[in-house]
Structure formats: C-alpha cells, structure tokens
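Have a look at the structure below before the remarks.
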Number of protein chains: 2
Amino acid sequence: MPQRRARSSIQSVAAAAGVSPTTVSHALSGKRAVSAETRERILKAIEEQNYRPNMVAQSLRSQRTRSVALLLVDIANPYYPAVARAVHDALQAEGYVSFIGNTDGDADTERRLLTEMVARGVDGLVMQPMALSAAEVRELVGPATPLVITTTEAGDVPADSVLTDDVIGLGEAVDHLLQKGIHEFGFIGGLEGASAGPLRVDVFEAAIAAAGAQARDPWIEHAPFTREGGAAAAARLLARADRPRAILCANDLIAIGAMQAAHGAGLLVPEDVAIVGFDDIDTASLVTPPLTTVINPASAVGEACARTILWRVDSGPEAPYRRIVLPTRLVVRESA
Amino acid sequence: MPQRRARSSIQSVAAAAGVSPTTVSHALSGKRAVSAETRERILKAIEEQNYRPNMVAQSLRSQRTRSVALLLVDIANPYYPAVARAVHDALQAEGYVSFIGNTDGDADTERRLLTEMVARGVDGLVMQPMALSAAEVRELVGPATPLVITTTEAGDVPADSVLTDDVIGLGEAVDHLLQKGIHEFGFIGGLEGASAGPLRVDVFEAAIAAAGAQARDPWIEHAPFTREGGAAAAARLLARADRPRAILCANDLIAIGAMQAAHGAGLLVPEDVAIVGFDDIDTASLVTPPLTTVINPASAVGEACARTILWRVDSGPEAPYRRIVLPTRLVVRESA
DNA sequence: TAGGCGTAGCAAACCGATTTGCTTCCCTCC
DNA sequence: GGAGGGAAGCAAATCGGTTTGCTACGCCTA
C-alpha cells in the first residue's frame with residue numbers, strides 16, 4: 001500500500017498563519033484586501049511549508065485546466081515534432097501545457113483520444129483528423145470546447161481551422177518541371193480511403209490543372225507516409241513501360257523512399273526521373289541528391305493553432321470561426 | 001464573456017434516473033450492488049445525456065490524475081520523438097496520458113516545468129536533466145512523486161533511472177577505428193558546463209582508456225547538439241596542423257555537421273577523417289556517406305521509463321530504487 | 001450623534017466526483 | 001416470532017481550492 005506523503009494545503013497554511021483559508025486565497029489572488037501584516041505571516045507560512053496550490057482543485061472550481069490536447073498522427077514522424085514544439089512554445093507563454101496523443105490515423109484511436117481529452121477537461125483541442133471527418137470530431141468533442149482542425153478543410157463545421165495552401169507550392173513545382181520540359185507527372189499520395197489528412201490527390205490534380213497540364217490516372221499511387229511506402233509505390237510506378245518523368249510526393253519520407261527506389265532501378269535522379277517532396281524536413285537537404293521539395297511551415301502552423309485556441313478561449317464560442325491559411329513554397333535543390 | 005454550456009454531471013444523471021448520485025457512482029464502479037432495473041434506468045440516462053465522468057473531479061477525490069510528465073530537452077530534436085512515442089504507447093495501454101515539456105537544457109526552465117507539473121498533480125515524472133543535478137530535481141519534485149531520471153546517473157538520489165551504457169558502443173567504435181590503424185581520436189561533446197546530460201566527455205575518455213588508446217586534450221571540442229554546432233567545432237578541429245584522424249561525436253546532428261565541415265575543408269570522409277555519430281537517427285543512414293554511428297535504443301529507453309513509472313506507482317516509494325541500463329552498439333556504415 | 005463607507009476577515013456554498021455509515025426492506029433460519 | 005444477514009439506496013463527508021455574503025470595526029462627514 002503506497003503511502004504518499006501529503007502536500008501542504010491551503011488549510012495547513014491558514015492554520016500556521018492563524019487565519020482562514022479564505023484569507024490565504026485572497027492574499028494570493030489579490031481579489032480582496034489583506035492587511036500587510038497578515039500577508040506577511042501567510043507568505044512566511046507558505047515559504048516554510050513550501051506550499052503550491054493544487055491545480056487539480058483549482059481546475060475543478062474554475063472549470064479551466066489551462067491545458068490543451070494536441071492530437072497528431074504520429075509524433076515520431078519527422079514533420080510533427082516541429083509543429084508540437086511551436087504549439088508548446090506559444091502555449092507555455094500563457095501558462096498552458098499540452099497533452100500529446102498519437103492517432104496513427106486510426107478511427108477508433110481518434111475517437112478514444114478525443115473523448116478522453118474532453119473528459120480530462122482540456123480547454124482546447126488541436127486535431128489533425130485522418131479517419132474522422134471534421135463534423136464527427138466536433139460531434140465527439142461537444143459544442144463547448146474550442147477546437148482547431150488542422151490539415152483538413154473544416155467546411156461549415158463549427159470549428160476553427162489552420163491550413164496550408166498546398167496548391168501554391170505544388171503549383172510552383174509543376175511550373176518548375178514544365179520549364180524543364182517535363183510534362184509527365186506521377187504522384188504518390190496517402191492511403192486510398194482517407195477522407196481527410198495531408199496533401200491528397202485532389203490537391204495534386206488541382207495544381208496540375210492550374211498549370212494547364214494533365215494528370216493521368218495510372219500515374220497516381222497510394223502509399224503510407226513512410227520511406228518504405230514511398231519506395232514500394234515508386235517501384236511500381238517506375239517499372240511501367242510508360243513511366244512518368246517526374247514524381248511528386250505527399251511528403252518527404254515518401255520522396256526519399258522514391259529516390260531509393262529509383263537508384264535501385266538503376267535510374268538517375270533527376271536525369272531519368274525528377275522527384276519532388278513535401279514538408280522540407282531536416283533530412284531533405286541532407287540526402288543525395290538534395291531533395292527539391294515544398295516547404296510546409298510547421299512552426300507557423302503550430303503557432304497559429306496555439307494562438308487560435310488561446311484566442312477562442314478568450315472570445316467564447318460566439319465569435320465567428322476562423323480559417324487561417326498559410327502559404328507553401330517550392331525550394332529547388334537537386335532532385336528536380 | 002464566453003458562456004460554456006455545462007457538460008452533464010453525475011447529479012443530472014441521477015436526477016433523470018430518479019436515484020441519488022451515490023447510486024450512479026456505484027452502478028458505474030460496481031463497488032456496491034445496484035439492482036438490475038435501476039442500473040438500466042441509469043445507463044439509459046447516461047446514454048441520453050451523453051454523460052462522461054469529469055476526470056478533474058475524479059482526480060481531486062482519488063488524488064491520482066493518471067498522467068505523467070515527460071520533460072525532455074527539445075522534442076524537435078530528432079532523437080526525442082522516438083522516446084516520446086514509446087513512452088506514450090506504454091502509458092496509453094494503462095489509461096495514462098502524458099504532458100510534454102521542453103527544457104532547452106536551461107536551469108530555470110527545468111525548475112519551472114518541474115514545479116508546474118507537480119502542481120498539476122502528475123502521478124509520475126520522467127526527466128532528462130541537463131542543468132540541474134538529479135538531487136536538485138528530486139528536491140523540487142518532493143519525495144512523494146515517482147521520478148525517473150534518464151540519460152544522467154542518479155547516484156544515490158532517491159529516484160529510479162533509465163540509462164544507456166554508452167561506453168559499450170563507443171568502445172566498439174574505438175576498436176573498429178583502431179583495427180583500421182587509426183589512433184588519433186577527436187571528440188565533439190555537449191556544452192562545457194553541463195553536469196548532466198547525454199554522452200559527456202568522460203564517457204569518451206573511458207572508452208578510449210578501455211581500449212588502451214589515449215585521448216589528447218586539444219582534440220576535445222564542445223558544441224551544442226546541433227548540426228551548426230558540430231560544423232563549427234569540427235572546423236576548428238580540422239584546421240589544426242595536428243588534426244585527429246577520427247572524430248567521435250556526441251550525437252548524429254553534430255556528426256552530420258562535422259561531415260559538412262570536412263567537405264567544406266576539402267577533406268574526404270572517411271579517407272582523410274573518419275566520423276562517428278551517436279543515436280542512429282533516421283537521417284544517419286541517408287546522408288552521404290552513410291553515417292557510422294552508435295545505436296541509442298530510443299524506443300527501449302522510452303518504454304523502460306514508462307514501465308518504471310507505472311511500476312513505481314503500484315509499488316510505492318518504499319520499493320528499492322531501480323537502475324535500468326540498456327546497451328548501445330555500433331553500426332558500421334561508410335563514414336568510418 | 002447618526003449615517004455612510006472602506007477595510008479586514010470568517011463561514012459557508014460550490015465545483016463533481018467517491019466513499020462511508022446508516023436505514024429500510026425482505027428473506028431465512030432457529 | 002425474533003434474530004441475523006444480505007440487498008438496495010440515500011445522506012453526508014471528503015478531496016483542495018475559490019467566491020459570495022455577512023459581520024465587526026474604525027474613521028469621516030453631515
């Protein structure tokens with residue numbers, strides 16, 4: 001039977017200072033006057049007992065936990081840590097802390113984490129849904145909790161959203177390749193079923209259409225967002241007799257896998273096949289050849305999510321919903 | 001003034017079912033008998049109101065939050081996400097969630113986060129101290145909260161610890177180089193003042209001594225754990241007339257920076273200077289030449305930390321302190 | 001001298017759950 | 001018929017704070 005030594009409480013401080021808990025509370029919050037002399041005694045008692053207010057009790061009373069849940073697909077995937085870090089930094093400045101949850105893009109896990117966090121009374125939720133729709137997420141969260149949907153269009157769901165305009169960067173990539181005389185574009189995107197999530201096929205198609213080029217169905221492959229997934233998908237693409245001259249990838253991991261597949265097939269990058277990634281993770285500039293990719297502003301996304309939550313906490317549910325869109329942009333290195 | 005619609009409480013469920021809150025609680029926990037018929041009514045009311053117990057209130061009453069704080073140097077640094085992920089996974093299985101905090105190796109931040117998390121009533125703390133000693137950490141946390149110190153020797157401080165035996169892997173690296181006829185070893189480690197933290201100079205010296213080789217002071221450089229830090233330190237080392245033939249680095253980021261510095265100085269890796277990293281982050285195998293490095297078992301470390309916290313929560317503070325040491329091992333690629 | 005006001009402090013209610021002690025009812029057994 | 005015991009449920013205390021209403025006192029002013 002573990003016996004846990006009790007932390008000092010407001011009661012014991014009050015007793016030591018010869019006052020009521022009320023007075024200690026007022027001395028600390030300043031919401032009502034406390035005589036200088038009494039305050040002295042209280043501060044001394046606090047010092048002696050090393051008293052720190054119990055935030056669980058405070059939260060119960062105030063109905064605010066000063067915490068935010070951040071539900072991402074997988075914190076171990078290299079794009080996300082930068083987002084998480086930015087969220088933390090922006091929240092921390094306001095005295096908030098954050099929970100992190102990994103959904104793995106699984107519907108049940110998304111549901112479970114969502115309700116768990118709501119039960120824990122988080123003041124806000126930042127979520128990147130993959131399996132669930134924005135509407136389902138709002139439904140599970142309830143109308144009261146501030147919710148920021150990221151990476152996925154929220155539509156008219158009552159939630160704020162932080163998005164990236166992927167068409168810009170991808171369009172730049174298409175233009176760049178067009179200028180080099182390349183017209184045959186392949187694409188490796190996320191899992192087939194996904195109704196939500198990062199950089200889906202339609203974005204690719206929009207970018208192609210905007211550039212006046214044309215996408216061909218057999219050149220579109222689906223793969224998990226990993227190096228292995230990218231390698232396998234690219235191998236299939238490159239084994240075709242009519243293989244594309246360029247492959248655009250939904251993230252850098254896929255792109256790096258695709259480069260490995262190209263090497264494996266004895267093809268040169270970018271001479272035989274140009275490869276473009278997405279995200280610009282650290283590794284992108286370090287591989288050989290350095291990856292041409294689209295910069296996905298992870299820190300800006302994280303910060304925008306955090307600021308939006310904080311803003312919504314202050315403004316209440318009545319304020320109109322915000323939709324923040326951040327630009328992406330191509331960085332040309334050597335793979336394309 | 002944000003008006004937050006109240007979540008349904010055990011009171012309202014009780015009212016709807018025509019029973020007292022006590023009975024609802026017992027129906028849910030099963031700690032006392034409730035008639036089948038009453039339970040029916042209660043479950044129906046719960047369903048209708050979509051009731052979920054408020055975990056803040058539960059925590060206040062039970063004095064347990066089912067949460068753990070994970071305080072790392074910087075989640076955006078590529079080694080840590082794998083640790084964090086493993087911690088999450090192991091905790092999640094037991095219904096725990098975790099807070100993450102970034103200390104940046106700063107003493108004040110370490111102190112602030114530590115007291116904040118204790119005030120939030122976390123059931124356990126996993127910390128990688130850089131500026132604070134294990135004793136100071138325990139002091140701040142108080143005797144009651146389970147504490148796992150990682151990466152730093154806890155000595156006889158009353159805390160559990162999870163460590164890696166860095167001398168093994170580093171020793172393998174030294175042996176490997178010795179066999180190649182290389183005897184002049186340089187080292188790039190963390191910041192000079194650090195009393196704690198990963199892979200300090202003494203580990204390098206121990207590995208060198210164990211191999212019967214000798215370390216030379218001017219070949220030891222200090223640098224932040226970043227690519228830029230590694231590049232700068234390596235540049236200094238390689239500019240010397242009597243430069244070392246091999247550079248061992250405290251992490252892979254430093255090593256990659258060192259490779260870039262070598263290229264910049266017109267030196268070939270590994271022919272002119274061999275470079276060995278530490279951690280085996282994803283990127284290590286993708287750079288050119290692929291980095292020879294020491295595998296730091298991030299997932300195993302994270303899992304061990306989580307399991308240790310859970311074990312200590314069950315066992316209470318009286319159980320003898322655990323010290324878990326995980327092995328490291330060299331993976332030879334092409335940089336050395 | 002009475003009225004008004006500001007200061008300082010305490011008691012009690014409250015947040016939303018769990019747990020303990022008690023009562024009531026009913027059945028069984030002697 | 002009374003004792004004993006189990007089942008079912010409620011009231012009240014508790015966790016550790018915050019907030020509100022109230023009182024007592026001293027001072028100022030009309």
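Naming works like this for the structure tokens: A, B, ... for the chains as they're shown, residue 1 at the start of each chain, ligands 1 onward in shown order.
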Kindly provide the residues of chain D that approach chain A to within 8 Å, each paired with its closest atom pair and their distance in Å to one decimal, based on only C-alpha atoms (C1' of nucleotides), listed by chain and increasing number, as a tab-separated table.
```
residue	atom	partner	partner_atom	distance
D:DC15	C1'	A:Ala57	CA	8.0
D:DG16	C1'	A:Ala57	CA	5.1
D:DG17	C1'	A:Ala57	CA	5.0
D:DT18	C1'	A:Arg61	CA	6.5
```
Can you write out the residues you just picked, keeping C-alpha atoms (C1' of nucleotides), as a PDB file, in the first residue's frame?
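result.pdb written:
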```pdb
ATOM      1  C1'  DC D  15     -10.619  15.992  -1.868  1.00  0.00           C
ATOM      2  C1'  DG D  16      -8.435  21.456  -2.033  1.00  0.00           C
ATOM      3  C1'  DG D  17      -9.240  25.148  -3.658  1.00  0.00           C
ATOM      4  C1'  DT D  18     -12.421  29.960  -4.923  1.00  0.00           C
TER       5       DT D  18
END
```
Interface residues on chain A facing chain B, 7 Å, only C-alpha atoms, written as a short mmCIF file (atom, residue, chain, number, x, y, z; two decimals) with N, CA and C atoms, in the first residue's frame:
```
data_model
loop_
_atom_site.label_atom_id
_atom_site.label_comp_id
_atom_site.auth_asym_id
_atom_site.auth_seq_id
_atom_site.Cartn_x
_atom_site.Cartn_y
_atom_site.Cartn_z
N MET A 1 0.84 -1.22 0.00
CA MET A 1 0.00 0.00 0.00
C MET A 1 0.87 1.25 0.00
N PRO A 2 1.04 1.86 -1.14
CA PRO A 2 1.91 3.04 -1.21
C PRO A 2 1.36 4.17 -0.36
N GLN A 3 2.12 4.63 0.60
CA GLN A 3 1.67 5.82 1.33
C GLN A 3 2.41 7.03 0.80
N ARG A 4 1.63 7.96 0.30
CA ARG A 4 2.13 9.13 -0.36
C ARG A 4 2.08 10.30 0.64
N ARG A 5 3.18 10.91 0.98
CA ARG A 5 3.11 11.99 1.97
C ARG A 5 2.34 13.16 1.39
N ARG A 52 2.35 24.94 -2.62
CA ARG A 52 1.96 25.28 -4.00
C ARG A 52 0.50 24.90 -4.16
N PRO A 53 -0.31 25.80 -4.67
CA PRO A 53 -1.73 25.47 -4.83
C PRO A 53 -1.92 24.23 -5.70
N ASN A 54 -2.86 23.42 -5.32
CA ASN A 54 -3.18 22.21 -6.08
C ASN A 54 -4.01 22.60 -7.31
N MET A 55 -3.39 22.42 -8.48
CA MET A 55 -4.07 22.86 -9.69
C MET A 55 -5.29 22.01 -10.03
N VAL A 56 -5.31 20.79 -9.55
CA VAL A 56 -6.49 19.97 -9.82
C VAL A 56 -7.70 20.58 -9.12
N ALA A 57 -7.52 20.98 -7.89
CA ALA A 57 -8.61 21.62 -7.16
C ALA A 57 -8.99 22.95 -7.81
N LEU A 60 -11.03 22.26 -10.86
CA LEU A 60 -12.40 21.82 -10.59
C LEU A 60 -13.28 23.04 -10.30
N ILE A 75 3.81 11.42 -33.57
CA ILE A 75 4.83 12.38 -33.18
C ILE A 75 6.22 11.93 -33.64
N ALA A 76 6.37 10.65 -33.90
CA ALA A 76 7.69 10.16 -34.31
C ALA A 76 7.95 10.37 -35.80
N PRO A 81 7.20 16.91 -34.96
CA PRO A 81 7.83 17.50 -33.78
C PRO A 81 7.95 19.01 -33.87
N ALA A 82 8.19 19.54 -35.04
CA ALA A 82 8.31 20.99 -35.17
C ALA A 82 6.98 21.67 -34.90
N ARG A 85 6.44 21.45 -31.12
CA ARG A 85 7.31 22.40 -30.42
C ARG A 85 6.73 23.81 -30.49
N SER A 98 0.49 21.16 -22.63
CA SER A 98 -0.27 20.37 -23.59
C SER A 98 -0.04 18.87 -23.46
N PHE A 99 -1.10 18.17 -23.70
CA PHE A 99 -1.06 16.73 -23.84
C PHE A 99 -0.78 16.40 -25.29
N ILE A 100 -0.10 15.29 -25.53
CA ILE A 100 0.07 14.85 -26.91
C ILE A 100 -0.53 13.46 -27.07
N ALA A 119 -12.94 14.42 -21.43
CA ALA A 119 -13.21 14.04 -20.04
C ALA A 119 -12.18 14.65 -19.09
N ARG A 120 -10.98 14.87 -19.59
CA ARG A 120 -9.95 15.49 -18.76
C ARG A 120 -10.12 17.00 -18.70
N GLY A 121 -11.11 17.49 -19.40
CA GLY A 121 -11.42 18.91 -19.26
C GLY A 121 -10.43 19.85 -19.90
N ALA A 144 -18.88 22.81 -26.63
CA ALA A 144 -18.33 23.78 -25.68
C ALA A 144 -16.83 23.98 -25.80
N THR A 283 15.97 16.29 -42.96
CA THR A 283 16.70 15.34 -43.76
C THR A 283 16.71 15.70 -45.25
N LEU A 286 19.78 16.88 -46.76
CA LEU A 286 20.98 16.11 -46.46
C LEU A 286 21.14 14.86 -47.31
N VAL A 287 20.08 14.45 -47.96
CA VAL A 287 20.19 13.25 -48.78
C VAL A 287 20.90 13.59 -50.09
N THR A 288 21.25 12.56 -50.83
CA THR A 288 21.93 12.78 -52.10
C THR A 288 21.10 12.19 -53.23
N SER A 315 -12.43 34.49 -26.45
CA SER A 315 -13.55 35.12 -27.16
C SER A 315 -14.87 34.40 -26.99
N GLY A 316 -14.82 33.15 -26.61
CA GLY A 316 -16.05 32.40 -26.45
C GLY A 316 -16.55 31.84 -27.76
N PRO A 317 -17.53 30.94 -27.68
CA PRO A 317 -17.98 30.20 -28.86
C PRO A 317 -18.77 31.05 -29.87
#
```
Original post:
For the atom pair atom CA of Arg41 of chain A and atom C1' of DG26 of chain D, what is the interatomic distance in Å to one decimal place?
Top reply: 22.9 Å
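Our summary of the geometry notes that atom CA of Gly181 of chain B is positioned 28.0 Å from atom CA of Thr164 of chain B.
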Subject >> Point-to-point distance in Å for atom CA of Asp123 of chain B and atom CA of Leu70 of chain B >> reply: 11.4 Å
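Proximity to chain C was assessed for B:Asp202, B:Ala16, B:Ala213, B:Thr23 counting only C-alpha atoms (C1' of nucleotides); the smallest distance is recorded for B:Thr23.
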**OP:** Would you kindly return, as an MDAnalysis selection string, each protein, DNA or RNA residue with an atom no farther than 10 Å from any atom of segment 1-9 of chain C, considering only C-alpha atoms (C1' of nucleotides) and excluding same-chain residues fewer than 4 positions away?
**Re:** (chainID A and resid 19:20 22:23 32:35 38) or (chainID D and resid 23:30)
Please write the residues from the selection above to a file, keeping C-alpha atoms (C1' of nucleotides), as a tab-separated table (two decimals), in the first residue's frame.
```tsv
chain	number	residue	atom	x	y	z
A	19	VAL	CA	-6.15	32.89	9.52
A	20	SER	CA	-8.89	31.25	7.47
A	22	THR	CA	-10.34	32.45	2.60
A	23	THR	CA	-7.76	34.96	3.64
A	32	ARG	CA	-9.77	41.30	-1.85
A	33	ALA	CA	-7.68	43.35	0.51
A	34	VAL	CA	-5.49	41.65	3.10
A	35	SER	CA	-3.53	43.67	5.64
A	38	THR	CA	-1.34	39.30	7.77
D	23	DT	C1'	-20.13	40.95	10.30
D	24	DA	C1'	-17.24	43.92	13.03
D	25	DC	C1'	-14.66	47.79	13.44
D	26	DG	C1'	-12.74	52.28	12.70
D	27	DC	C1'	-12.97	56.65	10.50
D	28	DC	C1'	-15.10	60.51	8.22
D	29	DT	C1'	-18.78	63.58	7.43
D	30	DA	C1'	-23.20	65.95	7.92
```
Subject >> strand (DSSP E or B) residues, from DSSP on the backbone, in segment 162-314 of chain B, as an NGL selection string >> reply: :B and (162-165 or 185-189 or 220-222 or 246-249 or 274-279 or 287 or 292-295)
For the residues selected in the previous step, produce a file with N, CA and C atoms as an mmCIF file, in the first residue's frame.
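Output file part06.cif is given in full below:
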```
data_model
loop_
_atom_site.group_PDB
_atom_site.id
_atom_site.type_symbol
_atom_site.label_atom_id
_atom_site.label_comp_id
_atom_site.auth_asym_id
_atom_site.auth_seq_id
_atom_site.Cartn_x
_atom_site.Cartn_y
_atom_site.Cartn_z
ATOM 1 N N VAL B 162 16.887 5.333 -15.871
ATOM 2 C CA VAL B 162 16.995 4.547 -17.094
ATOM 3 C C VAL B 162 18.161 5.132 -17.881
ATOM 4 N N LEU B 163 19.162 4.318 -18.098
ATOM 5 C CA LEU B 163 20.385 4.816 -18.715
ATOM 6 C C LEU B 163 20.762 3.967 -19.912
ATOM 7 N N THR B 164 21.674 4.487 -20.697
ATOM 8 C CA THR B 164 22.269 3.659 -21.736
ATOM 9 C C THR B 164 23.747 3.502 -21.426
ATOM 10 N N ASP B 165 24.254 2.345 -21.708
ATOM 11 C CA ASP B 165 25.673 2.121 -21.469
ATOM 12 C C ASP B 165 26.438 2.590 -22.702
ATOM 13 N N PHE B 185 42.180 10.192 -31.957
ATOM 14 C CA PHE B 185 40.751 10.389 -31.796
ATOM 15 C C PHE B 185 40.398 11.776 -31.305
ATOM 16 N N GLY B 186 39.559 12.457 -32.032
ATOM 17 C CA GLY B 186 38.985 13.699 -31.544
ATOM 18 C C GLY B 186 37.577 13.427 -31.024
ATOM 19 N N PHE B 187 37.046 14.394 -30.300
ATOM 20 C CA PHE B 187 35.702 14.226 -29.744
ATOM 21 C C PHE B 187 34.979 15.563 -29.720
ATOM 22 N N ILE B 188 33.730 15.566 -30.149
ATOM 23 C CA ILE B 188 32.905 16.760 -30.024
ATOM 24 C C ILE B 188 31.734 16.426 -29.123
ATOM 25 N N GLY B 189 31.713 17.068 -27.944
ATOM 26 C CA GLY B 189 30.685 16.759 -26.948
ATOM 27 C C GLY B 189 29.785 17.941 -26.699
ATOM 28 N N ILE B 220 39.584 17.706 -28.016
ATOM 29 C CA ILE B 220 38.235 17.648 -27.443
ATOM 30 C C ILE B 220 37.566 19.003 -27.587
ATOM 31 N N GLU B 221 36.437 18.990 -28.247
ATOM 32 C CA GLU B 221 35.713 20.232 -28.504
ATOM 33 C C GLU B 221 34.316 20.151 -27.879
ATOM 34 N N HIS B 222 33.769 21.308 -27.536
ATOM 35 C CA HIS B 222 32.396 21.354 -27.033
ATOM 36 C C HIS B 222 31.514 22.089 -28.029
ATOM 37 N N ALA B 246 40.230 10.743 -36.587
ATOM 38 C CA ALA B 246 38.826 10.347 -36.423
ATOM 39 C C ALA B 246 38.166 11.308 -35.451
ATOM 40 N N ILE B 247 36.873 11.565 -35.686
ATOM 41 C CA ILE B 247 36.126 12.405 -34.750
ATOM 42 C C ILE B 247 34.891 11.631 -34.296
ATOM 43 N N LEU B 248 34.822 11.438 -32.989
ATOM 44 C CA LEU B 248 33.620 10.843 -32.416
ATOM 45 C C LEU B 248 32.727 11.979 -31.942
ATOM 46 N N CYS B 249 31.424 11.834 -32.186
ATOM 47 C CA CYS B 249 30.512 12.933 -31.883
ATOM 48 C C CYS B 249 29.432 12.496 -30.905
ATOM 49 N N ALA B 274 37.786 10.098 -40.309
ATOM 50 C CA ALA B 274 36.633 9.229 -40.073
ATOM 51 C C ALA B 274 35.711 9.905 -39.081
ATOM 52 N N ILE B 275 34.416 9.755 -39.304
ATOM 53 C CA ILE B 275 33.457 10.406 -38.410
ATOM 54 C C ILE B 275 32.434 9.401 -37.907
ATOM 55 N N VAL B 276 32.219 9.423 -36.596
ATOM 56 C CA VAL B 276 31.274 8.515 -35.959
ATOM 57 C C VAL B 276 30.244 9.329 -35.195
ATOM 58 N N GLY B 277 28.989 8.990 -35.388
ATOM 59 C CA GLY B 277 27.920 9.702 -34.697
ATOM 60 C C GLY B 277 27.429 8.945 -33.472
ATOM 61 N N PHE B 278 26.298 9.394 -32.981
ATOM 62 C CA PHE B 278 25.697 8.734 -31.826
ATOM 63 C C PHE B 278 24.197 8.968 -31.858
ATOM 64 N N ASP B 279 23.430 7.916 -31.722
ATOM 65 C CA ASP B 279 21.961 7.883 -31.648
ATOM 66 C C ASP B 279 21.365 6.998 -32.731
ATOM 67 N N VAL B 287 22.429 10.170 -45.242
ATOM 68 C CA VAL B 287 23.410 11.147 -45.701
ATOM 69 C C VAL B 287 24.495 10.441 -46.511
ATOM 70 N N THR B 292 28.426 6.125 -39.973
ATOM 71 C CA THR B 292 28.721 5.094 -38.979
ATOM 72 C C THR B 292 28.401 5.695 -37.615
ATOM 73 N N THR B 293 27.607 4.991 -36.849
ATOM 74 C CA THR B 293 27.134 5.612 -35.610
ATOM 75 C C THR B 293 26.836 4.557 -34.560
ATOM 76 N N VAL B 294 26.513 5.014 -33.372
ATOM 77 C CA VAL B 294 26.198 4.107 -32.274
ATOM 78 C C VAL B 294 24.693 4.134 -32.056
ATOM 79 N N ILE B 295 24.090 2.972 -32.057
ATOM 80 C CA ILE B 295 22.639 2.909 -31.890
ATOM 81 C C ILE B 295 22.252 3.180 -30.444
#
```
**OP:** Using only C-alpha atoms (C1' of nucleotides), pick whichever of A:Leu268, A:Gly18, A:Gly229, A:Val174 has the shortest atom-to-atom distance to chain C.
**Re:**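 Closest residue, counting only C-alpha atoms (C1' of nucleotides): A:Gly18.
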Subject >> Residue among A:Val13, A:Ala336, A:Arg39, A:Asp106 lying closest to chain C, counting only C-alpha atoms (C1' of nucleotides) >> reply: A:Arg39
**OP:** Kindly determine which residues of chain C lie within 12 Å of chain B, considering only C-alpha atoms (C1' of nucleotides), and give the answer as a ChimeraX atom specification.
**Re:** /C:15-20
**OP:** Extract the full set of helix (DSSP H, G or I) residues from segment 91-284 of chain A according to DSSP on the backbone, and format it as a PyMOL selection string.
**Re:** chain A and resi 91-92+107-119+134-141+166-179+201-210+217-219+227-239+252-264+282-284
Original post:
Skipping near chain neighbours, those fewer than 4 positions away, what residues fall within 7 Å of Ala235 of chain B using only C-alpha atoms (C1' of nucleotides), listed as a ChimeraX atom specification?
Top reply: /B:231,239,261
Limited to C-alpha atoms, could you put the picked residues into a file as a short mmCIF file (atom, residue, chain, number, x, y, z; two decimals), in the first residue's frame?
```
data_model
loop_
_atom_site.label_atom_id
_atom_site.label_comp_id
_atom_site.auth_asym_id
_atom_site.auth_seq_id
_atom_site.Cartn_x
_atom_site.Cartn_y
_atom_site.Cartn_z
CA ALA B 231 30.14 22.02 -38.09
CA ALA B 239 42.03 23.44 -39.09
CA ALA B 261 32.72 20.84 -42.26
#
```
**OP:** For Ile309 of chain B, work out the shell of residues within 8 Å, counting only C-alpha atoms (C1' of nucleotides) and skipping chain neighbours fewer than 4 positions away, then give it as number ranges by chain.
**Re:** B: 124-126, 146-148, 305, 313
Just-selected residues, C-alpha atoms written as a PDB file, in the first residue's frame:
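Ended up saving to again-v8.pdb:
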```pdb
ATOM      1  CA  GLY B 124       4.932  10.468 -12.256  1.00  0.00           C
ATOM      2  CA  LEU B 125       7.723  12.399 -13.866  1.00  0.00           C
ATOM      3  CA  VAL B 126      10.233  11.333 -16.483  1.00  0.00           C
ATOM      4  CA  PRO B 146       7.571   8.832  -8.720  1.00  0.00           C
ATOM      5  CA  LEU B 147      10.549  10.124 -10.649  1.00  0.00           C
ATOM      6  CA  VAL B 148      12.583   8.547 -13.412  1.00  0.00           C
ATOM      7  CA  CYS B 305      10.856   4.890 -18.469  1.00  0.00           C
ATOM      8  CA  VAL B 313       3.086   3.957  -8.909  1.00  0.00           C
TER       9      VAL B 313
END
```
